[in-house]
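entry_12.txt (compact mmCIF, C-alpha atoms)
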# COMPACT_ATOMS: atom_id res chain seq x y z
CA MET A 13 18.30 5.28 30.55
CA ASP A 14 15.01 4.15 28.99
CA GLN A 15 15.19 2.40 25.71
CA THR A 16 13.61 4.09 22.72
CA PRO A 17 10.65 2.39 20.99
CA ILE A 18 12.97 1.45 18.12
CA GLN A 19 15.25 -0.45 20.48
CA GLN A 20 12.39 -2.13 22.32
CA THR A 21 10.55 -3.24 19.21
CA VAL A 22 11.32 -6.83 18.21
CA ILE A 23 11.93 -7.27 14.48
CA ARG A 24 11.48 -10.88 13.45
CA GLU A 25 13.35 -12.69 10.72
CA VAL A 26 11.09 -14.63 8.36
CA SER A 27 11.67 -17.01 5.47
CA VAL A 28 11.15 -16.14 1.83
CA LEU A 29 8.11 -18.42 1.69
CA GLN A 30 6.41 -16.45 4.46
CA ALA A 31 5.11 -14.02 1.84
CA PHE A 32 2.84 -16.78 0.54
CA ALA A 33 1.62 -17.45 4.08
CA TRP A 34 0.54 -13.80 4.30
CA LEU A 35 -1.45 -14.24 1.12
CA VAL A 36 -3.18 -17.28 2.62
CA LEU A 37 -4.07 -15.31 5.75
CA GLY A 38 -5.26 -12.44 3.59
CA MET A 39 -7.49 -14.83 1.67
CA ARG A 40 -8.89 -16.10 4.95
CA ASP A 41 -9.83 -12.57 5.99
CA LEU A 42 -11.29 -11.81 2.57
CA THR A 43 -13.41 -14.96 2.71
CA GLU A 44 -14.63 -14.03 6.18
CA LEU A 45 -15.43 -10.41 5.32
CA ARG A 46 -16.68 -11.01 1.78
CA TRP A 47 -18.40 -7.98 0.24
CA VAL A 48 -17.40 -5.64 3.05
CA SER A 49 -13.83 -6.20 1.92
CA LEU A 50 -14.51 -6.47 -1.80
CA ALA A 51 -16.16 -3.04 -1.77
CA HIS A 52 -12.69 -1.51 -1.31
CA GLY A 53 -11.45 -3.24 -4.44
CA LEU A 54 -14.54 -2.18 -6.37
CA VAL A 55 -14.01 1.49 -5.45
CA LEU A 56 -10.37 1.42 -6.55
CA ALA A 57 -11.21 -0.47 -9.75
CA LEU A 58 -13.78 2.20 -10.64
CA PHE A 59 -11.27 4.92 -9.80
CA GLY A 60 -8.67 3.31 -12.08
CA ALA A 61 -11.20 3.01 -14.87
CA LEU A 62 -12.08 6.69 -14.46
CA ILE A 63 -8.43 7.72 -14.73
CA THR A 64 -8.09 5.63 -17.88
CA LEU A 65 -11.11 7.25 -19.49
CA LEU A 66 -9.82 10.73 -18.69
CA VAL A 67 -6.27 10.31 -20.00
CA TYR A 68 -6.52 7.35 -22.38
CA ASP A 69 -5.42 9.43 -25.38
CA ARG A 70 -2.38 10.62 -23.42
CA PHE A 71 -0.96 7.22 -22.60
CA TRP A 72 2.41 8.68 -21.62
CA LEU A 73 0.56 10.24 -18.67
CA LEU A 74 -1.58 7.17 -18.02
CA VAL A 75 1.47 4.94 -17.53
CA GLY A 76 2.84 7.22 -14.83
CA ALA A 77 -0.55 7.58 -13.14
CA LEU A 78 -1.19 3.85 -12.93
CA SER A 79 2.33 3.05 -11.74
CA GLY A 80 2.01 5.86 -9.20
CA PHE A 81 -1.00 3.97 -7.88
CA LEU A 82 1.41 1.40 -6.49
CA LEU A 83 3.08 4.05 -4.34
CA VAL A 84 -0.06 5.26 -2.58
CA ALA A 85 -1.63 1.80 -2.23
CA PRO A 86 -0.49 1.40 1.44
CA VAL A 87 -2.59 4.44 2.39
CA LEU A 88 -5.62 3.37 0.36
CA ALA A 89 -5.64 0.03 2.20
CA THR A 90 -5.86 1.58 5.69
CA SER A 91 -9.38 0.40 6.46
CA LEU A 92 -8.50 -3.08 5.21
CA TYR A 93 -5.81 -3.21 7.90
CA ALA A 94 -8.42 -2.13 10.44
CA LEU A 95 -10.82 -4.87 9.32
CA SER A 96 -8.11 -7.53 9.66
CA ARG A 97 -7.25 -6.16 13.10
CA SER A 98 -10.91 -6.40 14.12
CA LEU A 99 -11.03 -10.02 12.98
CA GLU A 100 -7.82 -10.72 14.88
CA ASN A 101 -9.30 -9.19 18.05
CA LYS A 102 -12.66 -10.93 17.49
CA GLU A 103 -14.44 -7.59 17.27
CA PRO A 104 -17.73 -7.11 15.39
CA ILE A 105 -17.38 -5.98 11.80
CA ALA A 106 -19.65 -3.22 10.51
CA TRP A 107 -19.48 -0.29 8.12
CA LYS A 108 -18.94 1.80 11.22
CA THR A 109 -15.58 0.08 11.62
CA ILE A 110 -14.52 1.50 8.27
CA TRP A 111 -15.98 4.93 8.99
CA ARG A 112 -14.25 5.21 12.35
CA THR A 113 -10.97 4.11 10.83
CA TRP A 114 -10.92 7.06 8.46
CA SER A 115 -12.60 9.69 10.63
CA HIS A 116 -11.84 8.83 14.29
CA TRP A 117 -8.59 6.88 14.19
CA GLN A 118 -7.11 8.89 17.05
CA ASP A 119 -10.06 9.82 19.24
CA ASN A 120 -8.09 8.92 22.35
CA HIS A 121 -5.20 11.19 21.37
CA GLN A 122 -5.46 14.49 23.21
CA ASP A 123 -2.26 16.30 22.24
CA LYS A 124 -2.70 17.55 18.68
CA ARG A 125 0.75 19.16 18.72
CA SER A 126 2.64 15.93 19.35
CA THR A 127 4.77 14.39 16.62
CA ASP A 128 2.51 11.38 16.12
CA TYR A 129 -0.89 13.10 15.91
CA TRP A 130 -0.87 13.84 12.17
CA CYS A 131 1.59 11.10 11.21
CA MET A 132 -0.79 9.11 9.00
CA VAL A 133 -1.87 12.23 7.15
CA GLN A 134 1.76 13.28 6.75
CA PHE A 135 2.76 9.88 5.41
CA GLY A 136 -0.15 9.85 2.99
CA LEU A 137 0.87 13.27 1.67
CA LEU A 138 4.48 12.16 1.28
CA LEU A 139 3.43 9.10 -0.72
CA ALA A 140 1.11 11.24 -2.84
CA ILE A 141 3.97 13.65 -3.56
CA ALA A 142 6.21 10.72 -4.48
CA ALA A 143 3.53 9.30 -6.79
CA THR A 144 3.03 12.68 -8.45
CA GLY A 145 6.79 13.09 -8.87
CA TRP A 146 7.05 9.70 -10.52
CA MET A 147 4.04 10.39 -12.76
CA LEU A 148 5.62 13.61 -14.02
CA THR A 149 9.06 12.02 -14.36
CA SER A 150 7.63 9.05 -16.27
CA ALA A 151 5.60 11.30 -18.56
CA ALA A 152 8.57 13.56 -19.27
CA LEU A 153 10.89 10.62 -19.94
CA ILE A 154 8.54 8.94 -22.40
CA THR A 155 7.50 12.18 -24.10
CA LEU A 156 11.02 13.52 -24.59
CA LEU A 157 12.84 10.31 -25.49
CA SER A 158 10.29 8.28 -27.41
CA PRO A 159 11.06 8.30 -31.15
CA ASP A 160 7.32 8.57 -31.94
CA PRO A 161 4.32 10.08 -30.14
CA ILE A 162 2.72 7.81 -27.54
CA HIS A 163 -1.07 8.06 -27.58
CA SER A 164 -2.29 4.53 -26.82
CA PRO A 165 -1.25 1.26 -25.17
CA VAL A 166 -0.33 -0.08 -28.61
CA ASP A 167 1.97 2.89 -29.18
CA PHE A 168 3.63 2.31 -25.81
CA LEU A 169 4.23 -1.38 -26.60
CA ARG A 170 5.48 -0.64 -30.10
CA TYR A 171 7.71 2.38 -29.55
CA VAL A 172 8.85 1.88 -25.94
CA VAL A 173 8.61 -1.75 -24.86
CA ALA A 174 9.35 -3.48 -28.18
CA ALA A 175 11.66 -0.89 -29.71
CA LYS A 176 14.55 -2.81 -31.30
CA ASP A 177 17.23 -0.15 -31.28
CA GLY A 178 16.12 1.86 -28.27
CA TRP A 179 16.84 1.69 -24.58
CA LEU A 180 13.97 3.86 -23.34
CA PHE A 181 12.05 0.99 -21.75
CA GLU A 182 15.10 -0.23 -19.86
CA VAL A 183 15.83 3.29 -18.60
CA TRP A 184 12.17 3.75 -17.63
CA LEU A 185 12.17 0.49 -15.66
CA ALA A 186 15.50 1.22 -13.99
CA LEU A 187 14.44 4.72 -12.98
CA GLY A 188 11.15 3.40 -11.66
CA GLY A 189 12.97 0.77 -9.62
CA VAL A 190 15.38 3.33 -8.19
CA MET A 191 12.46 5.49 -7.07
CA ALA A 192 10.24 2.65 -5.90
CA ALA A 193 12.79 0.72 -3.80
CA PRO A 194 13.25 3.31 -1.02
CA ILE A 195 9.53 4.04 -1.00
CA PHE A 196 8.77 0.35 -0.52
CA ALA A 197 11.37 0.10 2.24
CA SER A 198 9.82 3.14 3.93
CA SER A 199 6.26 1.85 3.73
CA VAL A 200 6.31 -1.94 3.99
CA ILE A 201 4.93 -1.94 7.56
CA THR A 202 4.57 1.80 8.21
CA MET A 203 0.85 2.34 7.62
CA PRO A 204 -0.34 -0.70 9.62
CA LEU A 205 2.03 0.33 12.41
CA LEU A 206 0.81 3.94 12.42
CA LEU A 207 -2.78 2.74 12.46
CA ASP A 208 -2.16 0.30 15.27
CA ARG A 209 0.25 2.15 17.58
CA ARG A 210 1.05 5.68 18.66
CA ILE A 211 4.48 6.25 17.21
CA SER A 212 6.04 9.13 15.31
CA LEU A 213 6.27 8.94 11.55
CA LEU A 214 10.07 9.00 11.60
CA ARG A 215 10.29 6.07 14.02
CA ALA A 216 7.75 4.08 12.02
CA VAL A 217 9.71 4.61 8.80
CA LEU A 218 12.98 3.66 10.51
CA LEU A 219 11.36 0.47 11.77
CA SER A 220 10.16 -0.30 8.25
CA TRP A 221 13.71 0.09 6.94
CA SER A 222 14.99 -2.12 9.77
CA VAL A 223 12.53 -4.82 8.72
CA VAL A 224 13.77 -4.68 5.12
CA LEU A 225 17.43 -4.71 6.12
CA LYS A 226 16.89 -7.73 8.37
CA ASN A 227 14.83 -9.61 5.77
CA PRO A 228 16.18 -8.51 2.36
CA LEU A 229 15.28 -11.65 0.42
CA SER A 230 11.89 -12.08 2.09
CA MET A 231 11.00 -8.45 1.45
CA ALA A 232 12.16 -8.72 -2.15
CA ALA A 233 9.85 -11.71 -2.60
CA TRP A 234 7.00 -9.81 -0.95
CA ALA A 235 7.59 -6.77 -3.19
CA ALA A 236 7.60 -9.02 -6.26
CA LEU A 237 4.29 -10.61 -5.23
CA LEU A 238 2.73 -7.21 -4.62
CA LEU A 239 3.92 -5.96 -8.00
CA VAL A 240 2.88 -9.01 -10.01
CA MET A 241 -0.57 -9.28 -8.47
CA THR A 242 -1.24 -5.57 -8.83
CA LEU A 243 -0.14 -5.62 -12.47
CA LEU A 244 -2.47 -8.57 -13.09
CA GLY A 245 -5.27 -6.55 -11.57
CA LEU A 246 -4.46 -3.54 -13.75
CA CYS A 247 -4.08 -5.60 -16.92
CA SER A 248 -7.47 -7.27 -16.47
CA LEU A 249 -9.22 -3.98 -17.27
CA PHE A 250 -9.16 -3.27 -13.53
CA LEU A 251 -11.64 -6.08 -12.79
CA GLY A 252 -8.92 -8.05 -11.02
CA LEU A 253 -8.38 -5.17 -8.59
CA ILE A 254 -11.76 -5.95 -7.02
CA PHE A 255 -10.15 -9.11 -5.64
CA VAL A 256 -6.46 -8.17 -5.57
CA VAL A 257 -6.74 -4.94 -3.54
CA PRO A 258 -8.51 -6.44 -0.50
CA LEU A 259 -6.38 -9.59 -0.64
CA LEU A 260 -3.11 -7.63 -0.56
CA GLY A 261 -4.45 -5.19 2.02
CA HIS A 262 -5.37 -7.95 4.47
CA ALA A 263 -2.13 -9.79 3.72
CA SER A 264 -0.14 -6.63 4.47
CA TRP A 265 -1.68 -6.46 7.94
CA HIS A 266 -0.51 -10.01 8.63
CA ALA A 267 2.93 -9.14 7.26
CA TYR A 268 3.14 -6.31 9.78
CA ARG A 269 2.02 -8.53 12.66
CA ASP A 270 4.50 -11.21 11.63
CA LEU A 271 7.48 -8.95 11.13
CA VAL A 272 7.39 -6.70 14.20
CA ASP A 273 6.28 -6.94 17.81
CA ALA A 274 5.16 -3.43 18.76
CA ASP A 275 2.85 -4.38 21.62
CA HIS A 276 4.89 -2.28 24.04
CA LEU A 277 3.86 0.89 22.21
CA PRO A 278 0.65 2.67 23.29
CA PRO A 279 -2.27 1.74 21.04
CA ARG A 280 -3.91 4.18 18.70
CA GLN A 281 -6.88 1.84 18.81
CA VAL A 282 -10.34 3.15 18.08
CA ASN A 283 -12.70 1.33 20.37
CA THR A 284 -14.44 -0.77 17.75
CA ARG A 285 -15.92 -2.94 20.46
CA ALA A 286 -18.34 -0.10 20.98
CA VAL A 287 -19.85 -0.70 17.55
CA ASP A 288 -23.51 -1.34 18.14
CA ARG A 289 -24.67 -2.11 14.64
CA PRO A 290 -25.33 -5.60 13.25
CA THR A 291 -22.29 -7.53 12.13
CA LEU A 292 -21.74 -7.41 8.38
CA ARG A 293 -20.37 -10.34 6.43
Can the structure in the file be given as structure tokens, please?
Amino acid sequence: MDQTPIQQTVIREVSVLQAFAWLVLGMRDLTELRWVSLAHGLVLALFGALITLLVYDRFWLLVGALSGFLLVAPVLATSLYALSRSLENKEPIAWKTIWRTWSHWQDNHQDKRSTDYWCMVQFGLLLAIAATGWMLTSAALITLLSPDPIHSPVDFLRYVVAAKDGWLFEVWLALGGVMAAPIFASSVITMPLLLDRRISLLRAVLLSWSVVLKNPLSMAAWAALLLVMTLLGLCSLFLGLIFVVPLLGHASWHAYRDLVDADHLPPRQVNTRAVDRPTLR
């Protein structure tokens, strides 16, 4: 009997310090790609600033929206994975690489009814639903349980974070952790894998969980780095996201390549070698 892709795929065990190695590799890619990569961070920084302007006076909603950003980040970084893959394969880098990643990522896939045809779209929708669910849950929790109305960051710090007799902040953090942990386990290598190989969404998610279960401490360290760096980017009036988003996106590609060997799976590769425009750096 033939082995399933899950059984054939090699899941590697890595040390806790390997997370820092992925950051170094991500920095290498960012340095090589420069503004082609930084443009992704600029777009997301502007998007975050726009959200803040729209809901600033409803900070209870803003907190959920910005934390929900962490849940959909693996999808938003898709073209950053593709750029790192192109560097790895010594392919030319052009804006067409990014365009083809989003619009023609499965040109060589003929069967639109197969389980893996719409998998990236399905996973993106699932993460968006999870982010929306958390945003609404966070808003409801803060609105219903806060002793005073929350309208600004100062109100949130005063009445939620620094409340002396309350436990709302601890509950909010615990609930966020409970919701975020399985989502992280489901997505740690899923999007790079779906971009790189033809595999069903369910199998990709199961592989992602297998990676976490085999490397619990290393994945915890990686999750902590992702969280801390993203929060630094958010707390710097979104300016830090211009650098943080591409760095973490490229690093996540190297995490995927380091953690699993899926070369036996058929590629979902868009033929970026056919790019005939000048290389962009």
Nearby residues (all atoms listed in the file) at most 12 Å from Val200 of chain A, same-chain spacing under 4 positions excluded, as a VMD selection string: chain A and resid 83 to 87 192 to 196 204 to 206 216 to 225 227 to 228 230 to 232 234 to 235 238 260 to 261 263 to 269 271 to 272
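Compared by their closest atoms to Ser158 of chain A, and using only C-alpha atoms, the residues A:Leu229, A:Leu62, A:Val172, A:Ala51 rank with A:Val172 nearest.
Considering the residues A:Gly145, A:Pro161, A:Gly38, A:Gly252 and counting only C-alpha atoms, Tyr93 of chain A has its shortest atom-to-atom contact with A:Gly38.
Taking atom CA of Leu139 of chain A as the reference point, atom CA of Thr43 of chain A is found at 29.6 Å.
Picture a line from atom CA of Ala236 of chain A to atom CA of Val256 of chain A; it runs 14.1 Å.
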For Ile211 of chain A, which of A:Val257, A:Leu277, A:Leu54, A:Ala33 is the closest residue, counting only C-alpha atoms? A:Leu277
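Between atom CA of Ala274 of chain A and atom CA of Ala143 of chain A the separation is 28.6 Å.
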Contacts of Arg40 of chain A within 10 Å, only C-alpha atoms, excl. fewer than 4 positions in-chain, as a ChimeraX atom specification: /A:34-36,44-46,96,259,262-263
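Using all atoms listed in the file, the shortest contact distance between Glu100 of chain A and any of A:Val48, A:Ala151, A:Cys247, A:Leu37 is found at A:Leu37.
Of the listed residues A:Val190, A:Pro278, A:Asn101, A:Leu95, the one whose atoms come nearest to Thr113 of chain A is A:Leu95, with distances taken using only C-alpha atoms.
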Between A:Trp146, A:Leu249, A:Val166, A:Pro258, which residue has the minimum interatomic distance to Phe59 of chain A, considering all atoms listed in the file? A:Leu249
If I wrap all listed atoms of segment 191-204 of chain A in a box with edges along x, y and z and add 4 Å on each side, what are its centre and edge lengths in Å to one decimal, as lines of an AutoDock Vina configuration file?
center_x = 6.5
center_y = 1.8
center_z = 1.3
size_x = 21.6
size_y = 15.4
size_z = 24.7
